[in-house]
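Have a look at query_0.cif below; it lists mmCIF, C-alpha atoms.
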data_entry
#
loop_
_atom_site.label_atom_id
_atom_site.label_comp_id
_atom_site.auth_asym_id
_atom_site.auth_seq_id
_atom_site.Cartn_x
_atom_site.Cartn_y
_atom_site.Cartn_z
CA MET A 1 88.74 -121.50 193.70
CA TYR A 2 87.28 -121.41 190.19
CA THR A 3 87.82 -124.14 187.60
CA ILE A 4 87.53 -123.81 183.85
CA ALA A 5 87.39 -127.06 181.89
CA LEU A 6 88.98 -125.61 178.76
CA GLY A 7 92.48 -126.61 177.68
CA PRO A 8 95.21 -128.12 179.90
CA GLU A 9 94.77 -127.73 183.65
CA TRP A 10 98.17 -126.04 184.01
CA LEU A 11 96.95 -123.25 181.70
CA SER A 12 93.73 -122.59 183.61
CA PRO A 13 93.63 -119.26 185.48
CA ASP A 14 92.86 -120.88 188.83
CA TYR A 15 95.85 -123.24 188.57
CA LEU A 16 98.23 -120.47 187.58
CA ILE A 17 97.06 -118.07 190.28
CA SER A 18 96.83 -120.67 193.07
CA HIS A 19 100.34 -121.97 192.33
CA PHE A 20 102.17 -118.82 191.30
CA GLY A 21 100.05 -115.92 192.54
CA LEU A 22 100.60 -112.45 191.10
CA ILE A 23 104.02 -113.44 189.71
CA GLY A 24 102.36 -116.10 187.55
CA ILE A 25 99.88 -113.55 186.19
CA LEU A 26 102.65 -111.12 185.28
CA VAL A 27 104.71 -113.80 183.51
CA ILE A 28 101.72 -114.94 181.42
CA VAL A 29 100.73 -111.37 180.53
CA PHE A 30 104.32 -110.57 179.53
CA ALA A 31 104.69 -113.75 177.45
CA GLU A 32 101.35 -113.46 175.67
CA SER A 33 102.01 -109.84 174.77
CA GLY A 34 104.97 -110.59 172.53
CA LEU A 35 106.29 -114.15 172.76
CA PHE A 36 103.76 -116.99 172.98
CA ALA A 37 100.15 -117.23 171.82
CA PHE A 38 97.38 -119.50 173.15
CA LEU A 39 97.76 -118.34 176.75
CA PRO A 40 94.70 -117.49 178.93
CA GLY A 41 95.18 -113.71 178.96
CA ASP A 42 91.60 -112.43 179.11
CA SER A 43 90.22 -115.03 181.54
CA LEU A 44 93.38 -114.76 183.66
CA LEU A 45 93.01 -110.99 184.11
CA PHE A 46 89.29 -111.27 184.83
CA THR A 47 89.95 -114.00 187.41
CA ALA A 48 92.68 -111.88 188.97
CA GLY A 49 90.19 -109.06 189.46
CA LEU A 50 87.70 -111.47 191.04
CA LEU A 51 90.31 -112.77 193.46
CA VAL A 52 91.43 -109.30 194.46
CA ALA A 53 87.81 -108.53 195.29
CA ASP A 54 87.55 -111.77 197.32
CA GLY A 55 90.90 -111.24 199.00
CA GLN A 56 91.92 -114.83 198.15
CA TYR A 57 95.32 -115.84 196.75
CA ILE A 58 96.07 -112.24 195.73
CA LYS A 59 96.70 -110.09 198.79
CA GLN A 60 98.12 -107.08 196.98
CA PRO A 61 95.91 -103.97 196.60
CA LEU A 62 94.01 -103.45 193.35
CA TRP A 63 96.02 -100.41 192.25
CA LEU A 64 99.30 -102.33 192.57
CA VAL A 65 97.94 -105.38 190.72
CA CYS A 66 96.69 -103.21 187.84
CA THR A 67 99.91 -101.22 187.66
CA LEU A 68 102.10 -104.33 187.50
CA ILE A 69 99.84 -106.02 184.92
CA VAL A 70 99.90 -102.93 182.69
CA ALA A 71 103.70 -102.75 183.00
CA ALA A 72 104.05 -106.45 182.08
CA ALA A 73 101.77 -105.98 179.06
CA ILE A 74 103.67 -102.92 177.80
CA ILE A 75 107.10 -104.52 178.30
CA GLY A 76 105.93 -107.71 176.60
CA ASP A 77 104.87 -105.74 173.52
CA GLN A 78 108.22 -103.93 173.55
CA VAL A 79 110.01 -107.28 173.38
CA GLY A 80 107.73 -108.39 170.54
CA TYR A 81 108.49 -105.20 168.63
CA MET A 82 112.24 -105.69 169.03
CA ILE A 83 111.98 -109.32 167.91
CA GLY A 84 110.16 -108.17 164.78
CA LYS A 85 112.60 -105.34 164.16
CA PHE A 86 115.78 -107.39 164.40
CA PHE A 87 114.59 -110.85 163.37
CA GLY A 88 111.61 -109.99 161.17
CA PRO A 89 112.92 -111.37 157.85
CA LYS A 90 113.90 -114.68 159.45
CA LEU A 91 110.50 -114.99 161.16
CA PHE A 92 108.49 -114.23 158.04
CA ASN A 93 110.58 -116.45 155.78
CA ARG A 94 110.21 -119.64 157.79
CA PRO A 95 106.90 -121.19 156.67
CA ASN A 96 107.40 -124.35 158.76
CA SER A 97 108.29 -122.63 162.03
CA LYS A 98 106.41 -124.19 164.96
CA LEU A 99 106.91 -121.24 167.29
CA PHE A 100 106.11 -118.43 164.82
CA LYS A 101 103.65 -120.00 162.40
CA ARG A 102 103.45 -118.14 159.12
CA GLU A 103 99.65 -118.19 159.10
CA ASN A 104 99.53 -116.38 162.47
CA LEU A 105 102.03 -113.79 161.28
CA ASP A 106 100.00 -113.30 158.09
CA LYS A 107 96.79 -112.78 160.09
CA ALA A 108 98.51 -110.19 162.25
CA HIS A 109 99.92 -108.50 159.14
CA GLU A 110 96.46 -108.28 157.55
CA PHE A 111 95.05 -106.95 160.83
CA MET A 112 97.72 -104.25 160.94
CA ASP A 113 97.14 -103.28 157.30
CA ARG A 114 93.41 -102.99 157.88
CA HIS A 115 93.52 -100.88 161.05
CA GLY A 116 96.85 -99.03 160.88
CA PRO A 117 98.65 -97.97 164.10
CA LYS A 118 95.44 -98.27 166.15
CA ALA A 119 95.68 -102.03 165.51
CA ILE A 120 98.22 -102.12 168.36
CA VAL A 121 95.37 -101.14 170.70
CA LEU A 122 92.67 -103.29 169.09
CA ALA A 123 94.95 -106.34 168.93
CA ARG A 124 95.14 -106.40 172.71
CA PHE A 125 91.59 -107.74 172.78
CA VAL A 126 92.08 -110.42 170.10
CA PRO A 127 93.83 -113.66 171.14
CA ILE A 128 96.81 -114.73 168.98
CA ILE A 129 96.74 -111.40 167.13
CA ARG A 130 97.89 -109.57 170.28
CA THR A 131 100.98 -111.78 170.40
CA PHE A 132 102.08 -111.22 166.80
CA ALA A 133 100.94 -107.63 166.21
CA PRO A 134 104.01 -106.06 167.88
CA MET A 135 106.30 -108.34 165.85
CA VAL A 136 104.62 -107.24 162.64
CA ALA A 137 104.92 -103.59 163.74
CA GLY A 138 108.64 -104.06 164.32
CA ALA A 139 109.19 -105.96 161.07
CA GLY A 140 107.16 -103.37 159.17
CA SER A 141 109.30 -100.53 160.51
CA MET A 142 106.48 -98.72 162.30
CA ARG A 143 107.94 -95.64 163.97
CA TYR A 144 108.96 -96.57 167.50
CA ARG A 145 107.37 -93.46 168.99
CA THR A 146 104.06 -94.27 167.31
CA PHE A 147 104.24 -97.88 168.45
CA LEU A 148 105.10 -96.91 172.02
CA THR A 149 102.16 -94.49 172.24
CA TYR A 150 99.59 -97.05 171.08
CA ASN A 151 101.30 -99.77 173.10
CA ILE A 152 100.82 -97.80 176.33
CA ILE A 153 97.18 -97.03 175.49
CA GLY A 154 96.47 -100.68 174.66
CA GLY A 155 98.33 -101.97 177.70
CA ILE A 156 96.29 -99.76 180.03
CA GLY A 157 92.98 -100.49 178.29
CA TRP A 158 93.44 -104.25 178.27
CA GLY A 159 95.55 -104.90 181.36
CA ALA A 160 93.77 -102.55 183.76
CA GLY A 161 90.37 -102.64 182.00
CA VAL A 162 89.78 -106.40 182.12
CA THR A 163 91.19 -106.67 185.66
CA LEU A 164 88.95 -103.85 186.91
CA ALA A 165 85.95 -105.46 185.21
CA GLY A 166 86.64 -108.66 187.12
CA TYR A 167 87.05 -106.72 190.37
CA TRP A 168 83.84 -104.72 190.07
CA LEU A 169 81.72 -107.57 188.73
CA GLY A 170 83.20 -109.91 191.33
CA GLN A 171 81.39 -107.97 194.03
CA ILE A 172 77.99 -108.73 192.51
CA GLU A 173 76.33 -111.75 194.13
CA PHE A 174 75.07 -113.20 190.83
CA ILE A 175 78.60 -113.06 189.41
CA LYS A 176 80.05 -114.72 192.50
CA THR A 177 77.67 -117.64 192.26
CA ASN A 178 78.14 -118.10 188.49
CA VAL A 179 81.85 -117.49 188.10
CA GLU A 180 82.72 -120.61 186.09
CA PRO A 181 80.15 -120.19 183.27
CA ILE A 182 81.03 -116.49 183.07
CA LEU A 183 84.74 -117.24 182.67
CA VAL A 184 83.97 -119.89 180.05
CA GLY A 185 81.86 -117.27 178.26
CA ILE A 186 84.76 -114.81 178.31
CA VAL A 187 87.08 -117.39 176.77
CA LEU A 188 84.56 -118.25 174.06
CA ILE A 189 83.87 -114.60 173.26
CA SER A 190 87.59 -113.87 173.02
CA VAL A 191 87.96 -116.70 170.49
CA ILE A 192 85.15 -115.44 168.21
CA PRO A 193 87.37 -112.94 166.32
CA VAL A 194 89.90 -115.68 165.62
CA VAL A 195 87.22 -118.07 164.35
CA PHE A 196 85.81 -115.28 162.18
CA GLU A 197 89.23 -114.62 160.65
CA VAL A 198 89.80 -118.33 159.97
CA LEU A 199 86.42 -118.71 158.26
CA LYS A 200 87.04 -115.55 156.26
CA ALA A 201 90.45 -116.81 155.13
CA ARG A 202 88.94 -120.14 154.05
CA LYS A 203 86.19 -118.38 152.12
CA GLU A 204 88.73 -116.19 150.33
CA GLY A 205 90.86 -119.24 149.58
CA LYS A 206 87.92 -121.06 148.00
CA ALA A 207 87.01 -117.97 145.98
CA LYS A 208 90.55 -117.79 144.60
CA ALA A 209 90.49 -121.50 143.79
CA VAL A 210 87.27 -121.02 141.79
CA GLU A 211 88.61 -117.97 139.96
CA ALA A 212 91.88 -119.67 138.94
CA PRO A 213 90.32 -122.17 136.45
CA ALA A 214 88.11 -119.43 135.03
CA VAL A 215 91.16 -117.32 134.29
CA GLY A 216 92.87 -120.31 132.73
CA ASN A 217 89.94 -120.87 130.36
CA GLU A 218 90.41 -117.40 128.97
CA GLY A 219 93.82 -118.29 127.57
CA PRO A 220 94.79 -118.77 123.88
CA GLN A 221 92.15 -120.41 121.72
CA ALA A 222 92.60 -123.87 120.33
CA PRO A 223 94.29 -124.12 116.92
CA GLY A 224 91.03 -125.25 115.29
CA GLN A 225 89.20 -122.23 116.58
CA ARG A 226 91.88 -119.88 115.32
CA GLY A 227 91.65 -121.53 111.92
CA ARG A 228 87.92 -120.98 111.63
CA HIS A 229 88.28 -117.32 112.54
CA ALA A 230 91.12 -116.96 110.05
CA LYS A 231 88.94 -118.29 107.22
CA ARG A 232 86.38 -115.62 107.97
#
Represent the structure of the file as structure tokens.
Amino acid sequence: MYTIALGPEWLSPDYLISHFGLIGILVIVFAESGLFAFLPGDSLLFTAGLLVADGQYIKQPLWLVCTLIVAAAIIGDQVGYMIGKFFGPKLFNRPNSKLFKRENLDKAHEFMDRHGPKAIVLARFVPIIRTFAPMVAGAGSMRYRTFLTYNIIGGIGWGAGVTLAGYWLGQIEFIKTNVEPILVGIVLISVIPVVFEVLKARKEGKAKAVEAPAVGNEGPQAPGQRGRHAKR
């Protein structure tokens, strides 16, 4: 079995699959799609594909595994959309919420504003954002038919795509002998967009902090200055 030394052991793909099998994969995919962030979605799907190719731990055929994963991803997003639709105001107005942190909701909101409805598809491939994007769509009153269409496309592209990539690459000898560094690489690559967004937000925050004093200096002139101009 493969071991990834990133994060708690109980969240590693090998632990989840070895202890819970396909059911564990489906639960994680469902939860990460609309309930909880910071779950190993990408590496879990890739590992699932590898194990289907090896015939270890996952005995179900590839087509069934992909179908169930896609269904879990789509249903998870549906739940996220409904949470946003019915509880959106409460979620967005609780800055100290531990479960739905305002900063994560704000990032998802900015992502949605930037990319429009297609963000539902793109968000699938961005950790954290994929969890909160459907909530933002629901809270922002995106048409359900539009959301459902992009949700299905994204669910198929991410759920089946990453799993198939693991299956096909898992049959290559080089991949088989270097599974752990490859999985670590997948996790790191999946985190890059999040790091980029954090750095961008910090840069914008510093820029605003610098602009604020400058704006303040442009306020009313001191009484002495007004007096000199008045004499002229």
(request) Return the single residue from A:Leu35, A:Leu44, A:Val70, A:Ile28 that is closest to Phe132 in chain A, with distances computed using all atoms listed in the file. (result) A:Leu35
(message) Please compute the CA of Ala48 in chain A-CA of Tyr167 in chain A distance, one decimal, in Å.
(response)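 Interatomic distance here is 7.8 Å.
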(request) One decimal, Å: what's the distance from CA of Gly159 in chain A over to CA of Ala73 in chain A, could you say? (result) 6.7 Å
(request) Please indicate the distance in Å from CA of Leu164 in chain A to CA of Asp77 in chain A, rounded to one decimal place. (result)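 Between CA of Leu164 in chain A and CA of Asp77 in chain A the gap is 20.9 Å.
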(message) Tell me which residues come within 10 Å of (104.7, -109.3, 182.9), as a PyMOL selection string, counting only C-alpha atoms in the file's coordinates.
(response) chain A and resi 22-33+68-76
(message) Take the PyMOL selection byres ((chain A and resi 138) around 9), run it mentally on this structure, and tell me the resulting residues as a PyMOL selection string.
(response) chain A and resi 80-86+88+133-137+139-144+147
(request) Have a look at A:Ile152, A:Ala160, A:Val121, A:Val126 and name the one nearest to Leu45 in chain A; count all atoms listed in the file. (result)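 Nearest to Leu45 in chain A: A:Ala160.
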(request) Compare A:Ile156, A:Ala165, A:Ala119, A:Ala209 by their minimum atom-to-atom distance to Thr67 in chain A, counting only C-alpha atoms, and give me the closest one. (result) A:Ile156
(message) Restricting the calculation to only C-alpha atoms: of A:Leu169, A:Ile120, A:Ile129, A:Ile175, which residue gets closest to Leu148 in chain A?
(response) A:Ile120
